[in-house]
Amino acid sequence: MLDLSGVSHTYPNGTRALDDVTLSIPKGMFGLLGPNGAGKSTLMRTIATLQAPTAGSIRFGDIDVLAEPDRLRRKLGYLPQDFGVYPRISAYQMLDHMAVLKGIADAKDRKLVVEHLLEQTNLWAVRSKAIAGFSGGMRQRFGIAQALIGNPELIIVDEPTAGLDPEERNRFLNLLAGIGENVVVILSTHIVDDVADLCPRMAVLAGGRLQLEGVPRDLIRSTRGQVWQRTIPHQQLPAMQEQHQVISHRFFAGEIVVHVLSDTQPEGFAPVEGGLEDVYFATLAQTRRAAAIAST
Ligand code: ADP
Ligand code: MG
């Protein structure tokens, strides 16, 4: 279990990136969903002990993470958002090198670990190729391979699917899903489907604050009878946004399908079984409204 308590972070320029985040993350896949600028990477770096928060405490099992960062690092696998390690050496050599850094000193042990990881991440066939020449999907799979060195108990992956094509994204998520239930895996993402497909628990972070936390199915159920749908011509969207609480709109066959939030059925709208996307957009809409009220 990873326990965050009152974690806040203000950058030297005054940006309050995290605001009193309290959260318990059990073993299994945990989705941290939020838009750009929400504070996800700040939180991931903080848990990974790369930066200290301005306030709060973090525990992982019996480890006081802020007081004993070295103990945490020994149990940590981390794939940063900007991995940025694309050297001209081969995937095999690089993994071998990183395994040395992670303390696997014995060459025979290391060979087993590196070979296994290359197979697990489907990079065996390209193990002798330079990482610099890898596609985005291959790089991300390499990123997971290095994060898995040394059987970490806490794995953090920060926006790993951004920029992947659908096939690579699927492949990557399958790989994550196979990591196992005995490990805490935190997947930070702005893509609702990443969480919907994969995570038994999730939280929404926006404006540095935890907006929502729970089991996706329960959160979806909580919007039942509150989400309504209507298809309208483009030009009616502004008026619709004036009259209703529009949580999302998408283009479909030249028209716009709008979803609105309402306790009662608005005229001309049909009920729709809400999804995680509705939960997420409704949460963001409420967050924006609260921020607008606070700033007036
Ligand atoms: P996310 O990963 O969800 O997009 P970040 O944690 O990267 O969010 O950023 C949260 C907020 O903190 C943003 O407003 C961002 O501009 C700001 N921020 C991030 N890193 C720094 C930094 N090193 N210095 C100042 N502000 C930063
Ligand atoms: Mg980020």
# chains A, B, ... in the order shown; residues from 1 in each chain; ligands from 1
call {"tool": "closest_atom_pairs", "arguments": {"of": "chain A", "to": "ligand 2", "cutoff": "8 Å", "atoms": "only C-alpha atoms and all ligand atoms", "output": "JSON lines"}}
result
{"residue": "A:Asn36", "atom": "CA", "partner": "ligand 2", "partner_atom_place_in_ligand_line": "1 (Mg)", "distance": 6.6}
{"residue": "A:Gly37", "atom": "CA", "partner": "ligand 2", "partner_atom_place_in_ligand_line": "1 (Mg)", "distance": 6.9}
{"residue": "A:Ala38", "atom": "CA", "partner": "ligand 2", "partner_atom_place_in_ligand_line": "1 (Mg)", "distance": 7.9}
{"residue": "A:Gly39", "atom": "CA", "partner": "ligand 2", "partner_atom_place_in_ligand_line": "1 (Mg)", "distance": 6.9}
{"residue": "A:Lys40", "atom": "CA", "partner": "ligand 2", "partner_atom_place_in_ligand_line": "1 (Mg)", "distance": 5.3}
{"residue": "A:Ser41", "atom": "CA", "partner": "ligand 2", "partner_atom_place_in_ligand_line": "1 (Mg)", "distance": 4.0}
{"residue": "A:Thr42", "atom": "CA", "partner": "ligand 2", "partner_atom_place_in_ligand_line": "1 (Mg)", "distance": 7.2}
{"residue": "A:Gln81", "atom": "CA", "partner": "ligand 2", "partner_atom_place_in_ligand_line": "1 (Mg)", "distance": 6.1}
{"residue": "A:Asp158", "atom": "CA", "partner": "ligand 2", "partner_atom_place_in_ligand_line": "1 (Mg)", "distance": 6.6}
{"residue": "A:Glu159", "atom": "CA", "partner": "ligand 2", "partner_atom_place_in_ligand_line": "1 (Mg)", "distance": 6.6}
{"residue": "A:Ser188", "atom": "CA", "partner": "ligand 2", "partner_atom_place_in_ligand_line": "1 (Mg)", "distance": 8.0}
call {"tool": "residues_near_ligand", "arguments": {"ligand": "ligand 1", "cutoff": "12 Å", "atoms": "only C-alpha atoms and all ligand atoms", "output": "ChimeraX atom specification"}}
result
/A:8-19,32-46,50-51,53,80-82,157-160,162,187-191,204-210
call {"tool": "closest_residue", "arguments": {"among": "A:Ser24, A:Gln93, A:Ser135, A:Gln286", "to": "Phe60 (chain A)", "atoms": "only C-alpha atoms"}}
result
A:Ser24
call {"tool": "residues_around", "arguments": {"residues": "region 168-185 of chain A", "least_positions_apart": "6", "cutoff": "8 Å", "atoms": "only C-alpha atoms", "output": "PyMOL selection string"}}
result
chain A and resi 1-2+25-30+120-121+137+140-141+152-157+161+194+198
call {"tool": "atom_distance", "arguments": {"atom1": "CA of Leu66 (chain A)", "atom2": "CA of Gly143 (chain A)"}}
result
25.0 Å
call {"tool": "closest_residue", "arguments": {"among": "A:Gln245, A:Leu237, A:Asp3, A:Pro216", "to": "Leu276 (chain A)", "atoms": "only C-alpha atoms"}}
result
A:Pro216
call {"tool": "select_by_dssp", "arguments": {"residues": "region 4-212 of chain A", "states": "strand (DSSP E)", "output": "MDAnalysis selection string"}}
result
chainID A and resid 4:10 16:25 28:33 55:60 63:64 76:79 154:158 184:189 201:206 209:212
call {"tool": "closest_residue", "arguments": {"among": "A:Val260, A:Leu164, A:Ile89, A:Ala55", "to": "His244 (chain A)", "atoms": "only C-alpha atoms"}}
result
A:Val260
call {"tool": "residues_around", "arguments": {"residues": "Arg288 (chain A)", "least_positions_apart": "2", "cutoff": "12 Å", "atoms": "only C-alpha atoms", "output": "ChimeraX atom specification"}}
result
/A:35,206-207,211,245,247,281-286,290-295
call {"tool": "decode", "arguments": {"residues": "region 166-203 of chain A", "atoms": "N, CA and C atoms", "output": "PDB file, in the first residue's frame"}}
result
ATOM      1  N   PRO A 166      -3.017   3.080 -32.077  1.00  0.00           N
ATOM      2  CA  PRO A 166      -3.924   2.191 -31.329  1.00  0.00           C
ATOM      3  C   PRO A 166      -3.375   0.782 -31.104  1.00  0.00           C
ATOM      4  N   GLU A 167      -2.694   0.239 -32.086  1.00  0.00           N
ATOM      5  CA  GLU A 167      -2.173  -1.122 -31.943  1.00  0.00           C
ATOM      6  C   GLU A 167      -1.061  -1.168 -30.894  1.00  0.00           C
ATOM      7  N   GLU A 168      -0.148  -0.202 -30.959  1.00  0.00           N
ATOM      8  CA  GLU A 168       0.931  -0.154 -29.986  1.00  0.00           C
ATOM      9  C   GLU A 168       0.392   0.136 -28.581  1.00  0.00           C
ATOM     10  N   ARG A 169      -0.633   0.982 -28.544  1.00  0.00           N
ATOM     11  CA  ARG A 169      -1.230   1.314 -27.259  1.00  0.00           C
ATOM     12  C   ARG A 169      -1.804   0.052 -26.601  1.00  0.00           C
ATOM     13  N   ASN A 170      -2.526  -0.755 -27.390  1.00  0.00           N
ATOM     14  CA  ASN A 170      -3.077  -2.010 -26.904  1.00  0.00           C
ATOM     15  C   ASN A 170      -1.988  -2.942 -26.399  1.00  0.00           C
ATOM     16  N   ARG A 171      -0.953  -3.045 -27.191  1.00  0.00           N
ATOM     17  CA  ARG A 171       0.154  -3.916 -26.868  1.00  0.00           C
ATOM     18  C   ARG A 171       0.793  -3.482 -25.544  1.00  0.00           C
ATOM     19  N   PHE A 172       0.943  -2.159 -25.410  1.00  0.00           N
ATOM     20  CA  PHE A 172       1.554  -1.601 -24.200  1.00  0.00           C
ATOM     21  C   PHE A 172       0.666  -1.857 -22.979  1.00  0.00           C
ATOM     22  N   LEU A 173      -0.632  -1.638 -23.128  1.00  0.00           N
ATOM     23  CA  LEU A 173      -1.542  -1.827 -21.990  1.00  0.00           C
ATOM     24  C   LEU A 173      -1.605  -3.302 -21.590  1.00  0.00           C
ATOM     25  N   ASN A 174      -1.544  -4.191 -22.583  1.00  0.00           N
ATOM     26  CA  ASN A 174      -1.518  -5.623 -22.269  1.00  0.00           C
ATOM     27  C   ASN A 174      -0.294  -5.980 -21.446  1.00  0.00           C
ATOM     28  N   LEU A 175       0.812  -5.365 -21.814  1.00  0.00           N
ATOM     29  CA  LEU A 175       2.057  -5.592 -21.089  1.00  0.00           C
ATOM     30  C   LEU A 175       1.913  -5.134 -19.628  1.00  0.00           C
ATOM     31  N   LEU A 176       1.346  -3.950 -19.445  1.00  0.00           N
ATOM     32  CA  LEU A 176       1.128  -3.444 -18.082  1.00  0.00           C
ATOM     33  C   LEU A 176       0.201  -4.374 -17.296  1.00  0.00           C
ATOM     34  N   ALA A 177      -0.865  -4.813 -17.969  1.00  0.00           N
ATOM     35  CA  ALA A 177      -1.858  -5.657 -17.297  1.00  0.00           C
ATOM     36  C   ALA A 177      -1.237  -6.961 -16.816  1.00  0.00           C
ATOM     37  N   GLY A 178      -0.174  -7.400 -17.503  1.00  0.00           N
ATOM     38  CA  GLY A 178       0.454  -8.663 -17.140  1.00  0.00           C
ATOM     39  C   GLY A 178       1.463  -8.554 -16.009  1.00  0.00           C
ATOM     40  N   ILE A 179       1.695  -7.368 -15.497  1.00  0.00           N
ATOM     41  CA  ILE A 179       2.746  -7.185 -14.491  1.00  0.00           C
ATOM     42  C   ILE A 179       2.424  -7.898 -13.179  1.00  0.00           C
ATOM     43  N   GLY A 180       1.134  -7.963 -12.879  1.00  0.00           N
ATOM     44  CA  GLY A 180       0.798  -8.756 -11.700  1.00  0.00           C
ATOM     45  C   GLY A 180       0.103  -7.969 -10.618  1.00  0.00           C
ATOM     46  N   GLU A 181      -0.669  -8.696  -9.822  1.00  0.00           N
ATOM     47  CA  GLU A 181      -1.519  -8.048  -8.832  1.00  0.00           C
ATOM     48  C   GLU A 181      -0.796  -7.794  -7.536  1.00  0.00           C
ATOM     49  N   ASN A 182       0.433  -8.303  -7.433  1.00  0.00           N
ATOM     50  CA  ASN A 182       1.145  -8.170  -6.172  1.00  0.00           C
ATOM     51  C   ASN A 182       2.008  -6.927  -6.095  1.00  0.00           C
ATOM     52  N   VAL A 183       1.857  -6.084  -7.109  1.00  0.00           N
ATOM     53  CA  VAL A 183       2.692  -4.898  -7.230  1.00  0.00           C
ATOM     54  C   VAL A 183       1.769  -3.687  -7.318  1.00  0.00           C
ATOM     55  N   VAL A 184       2.175  -2.562  -6.737  1.00  0.00           N
ATOM     56  CA  VAL A 184       1.424  -1.320  -6.927  1.00  0.00           C
ATOM     57  C   VAL A 184       1.873  -0.716  -8.254  1.00  0.00           C
ATOM     58  N   VAL A 185       0.943  -0.570  -9.192  1.00  0.00           N
ATOM     59  CA  VAL A 185       1.268   0.033 -10.483  1.00  0.00           C
ATOM     60  C   VAL A 185       0.442   1.308 -10.636  1.00  0.00           C
ATOM     61  N   ILE A 186       1.109   2.441 -10.765  1.00  0.00           N
ATOM     62  CA  ILE A 186       0.395   3.705 -10.963  1.00  0.00           C
ATOM     63  C   ILE A 186       0.567   4.137 -12.411  1.00  0.00           C
ATOM     64  N   LEU A 187      -0.563   4.239 -13.096  1.00  0.00           N
ATOM     65  CA  LEU A 187      -0.578   4.647 -14.497  1.00  0.00           C
ATOM     66  C   LEU A 187      -1.143   6.058 -14.561  1.00  0.00           C
ATOM     67  N   SER A 188      -0.292   7.033 -14.877  1.00  0.00           N
ATOM     68  CA  SER A 188      -0.815   8.387 -15.034  1.00  0.00           C
ATOM     69  C   SER A 188      -1.122   8.619 -16.504  1.00  0.00           C
ATOM     70  N   THR A 189      -2.253   9.245 -16.780  1.00  0.00           N
ATOM     71  CA  THR A 189      -2.697   9.379 -18.163  1.00  0.00           C
ATOM     72  C   THR A 189      -3.731  10.492 -18.300  1.00  0.00           C
ATOM     73  N   HIS A 190      -3.852  11.043 -19.504  1.00  0.00           N
ATOM     74  CA  HIS A 190      -4.987  11.933 -19.760  1.00  0.00           C
ATOM     75  C   HIS A 190      -6.013  11.226 -20.650  1.00  0.00           C
ATOM     76  N   ILE A 191      -5.799   9.935 -20.897  1.00  0.00           N
ATOM     77  CA  ILE A 191      -6.670   9.181 -21.793  1.00  0.00           C
ATOM     78  C   ILE A 191      -7.624   8.299 -20.983  1.00  0.00           C
ATOM     79  N   VAL A 192      -8.917   8.647 -21.046  1.00  0.00           N
ATOM     80  CA  VAL A 192      -9.911   7.971 -20.225  1.00  0.00           C
ATOM     81  C   VAL A 192      -9.916   6.465 -20.476  1.00  0.00           C
ATOM     82  N   ASP A 193      -9.779   6.066 -21.740  1.00  0.00           N
ATOM     83  CA  ASP A 193      -9.857   4.648 -22.071  1.00  0.00           C
ATOM     84  C   ASP A 193      -8.735   3.822 -21.438  1.00  0.00           C
ATOM     85  N   ASP A 194      -7.564   4.428 -21.242  1.00  0.00           N
ATOM     86  CA  ASP A 194      -6.475   3.700 -20.567  1.00  0.00           C
ATOM     87  C   ASP A 194      -6.964   3.179 -19.217  1.00  0.00           C
ATOM     88  N   VAL A 195      -7.645   4.067 -18.498  1.00  0.00           N
ATOM     89  CA  VAL A 195      -8.116   3.741 -17.158  1.00  0.00           C
ATOM     90  C   VAL A 195      -9.306   2.792 -17.218  1.00  0.00           C
ATOM     91  N   ALA A 196     -10.253   3.112 -18.126  1.00  0.00           N
ATOM     92  CA  ALA A 196     -11.470   2.310 -18.236  1.00  0.00           C
ATOM     93  C   ALA A 196     -11.141   0.859 -18.567  1.00  0.00           C
ATOM     94  N   ASP A 197     -10.139   0.655 -19.415  1.00  0.00           N
ATOM     95  CA  ASP A 197      -9.815  -0.694 -19.871  1.00  0.00           C
ATOM     96  C   ASP A 197      -9.089  -1.513 -18.818  1.00  0.00           C
ATOM     97  N   LEU A 198      -8.405  -0.852 -17.914  1.00  0.00           N
ATOM     98  CA  LEU A 198      -7.334  -1.536 -17.203  1.00  0.00           C
ATOM     99  C   LEU A 198      -7.367  -1.449 -15.683  1.00  0.00           C
ATOM    100  N   CYS A 199      -7.941  -0.380 -15.148  1.00  0.00           N
ATOM    101  CA  CYS A 199      -7.675  -0.075 -13.735  1.00  0.00           C
ATOM    102  C   CYS A 199      -8.866  -0.362 -12.827  1.00  0.00           C
ATOM    103  N   PRO A 200      -8.695  -1.263 -11.856  1.00  0.00           N
ATOM    104  CA  PRO A 200      -9.775  -1.500 -10.898  1.00  0.00           C
ATOM    105  C   PRO A 200     -10.013  -0.326  -9.951  1.00  0.00           C
ATOM    106  N   ARG A 201      -9.011   0.525  -9.786  1.00  0.00           N
ATOM    107  CA  ARG A 201      -9.202   1.735  -8.979  1.00  0.00           C
ATOM    108  C   ARG A 201      -8.612   2.929  -9.708  1.00  0.00           C
ATOM    109  N   MET A 202      -9.143   4.112  -9.396  1.00  0.00           N
ATOM    110  CA  MET A 202      -8.676   5.308 -10.101  1.00  0.00           C
ATOM    111  C   MET A 202      -8.893   6.563  -9.281  1.00  0.00           C
ATOM    112  N   ALA A 203      -8.242   7.623  -9.700  1.00  0.00           N
ATOM    113  CA  ALA A 203      -8.492   8.941  -9.133  1.00  0.00           C
ATOM    114  C   ALA A 203      -8.407   9.957 -10.258  1.00  0.00           C
TER     115      ALA A 203
END
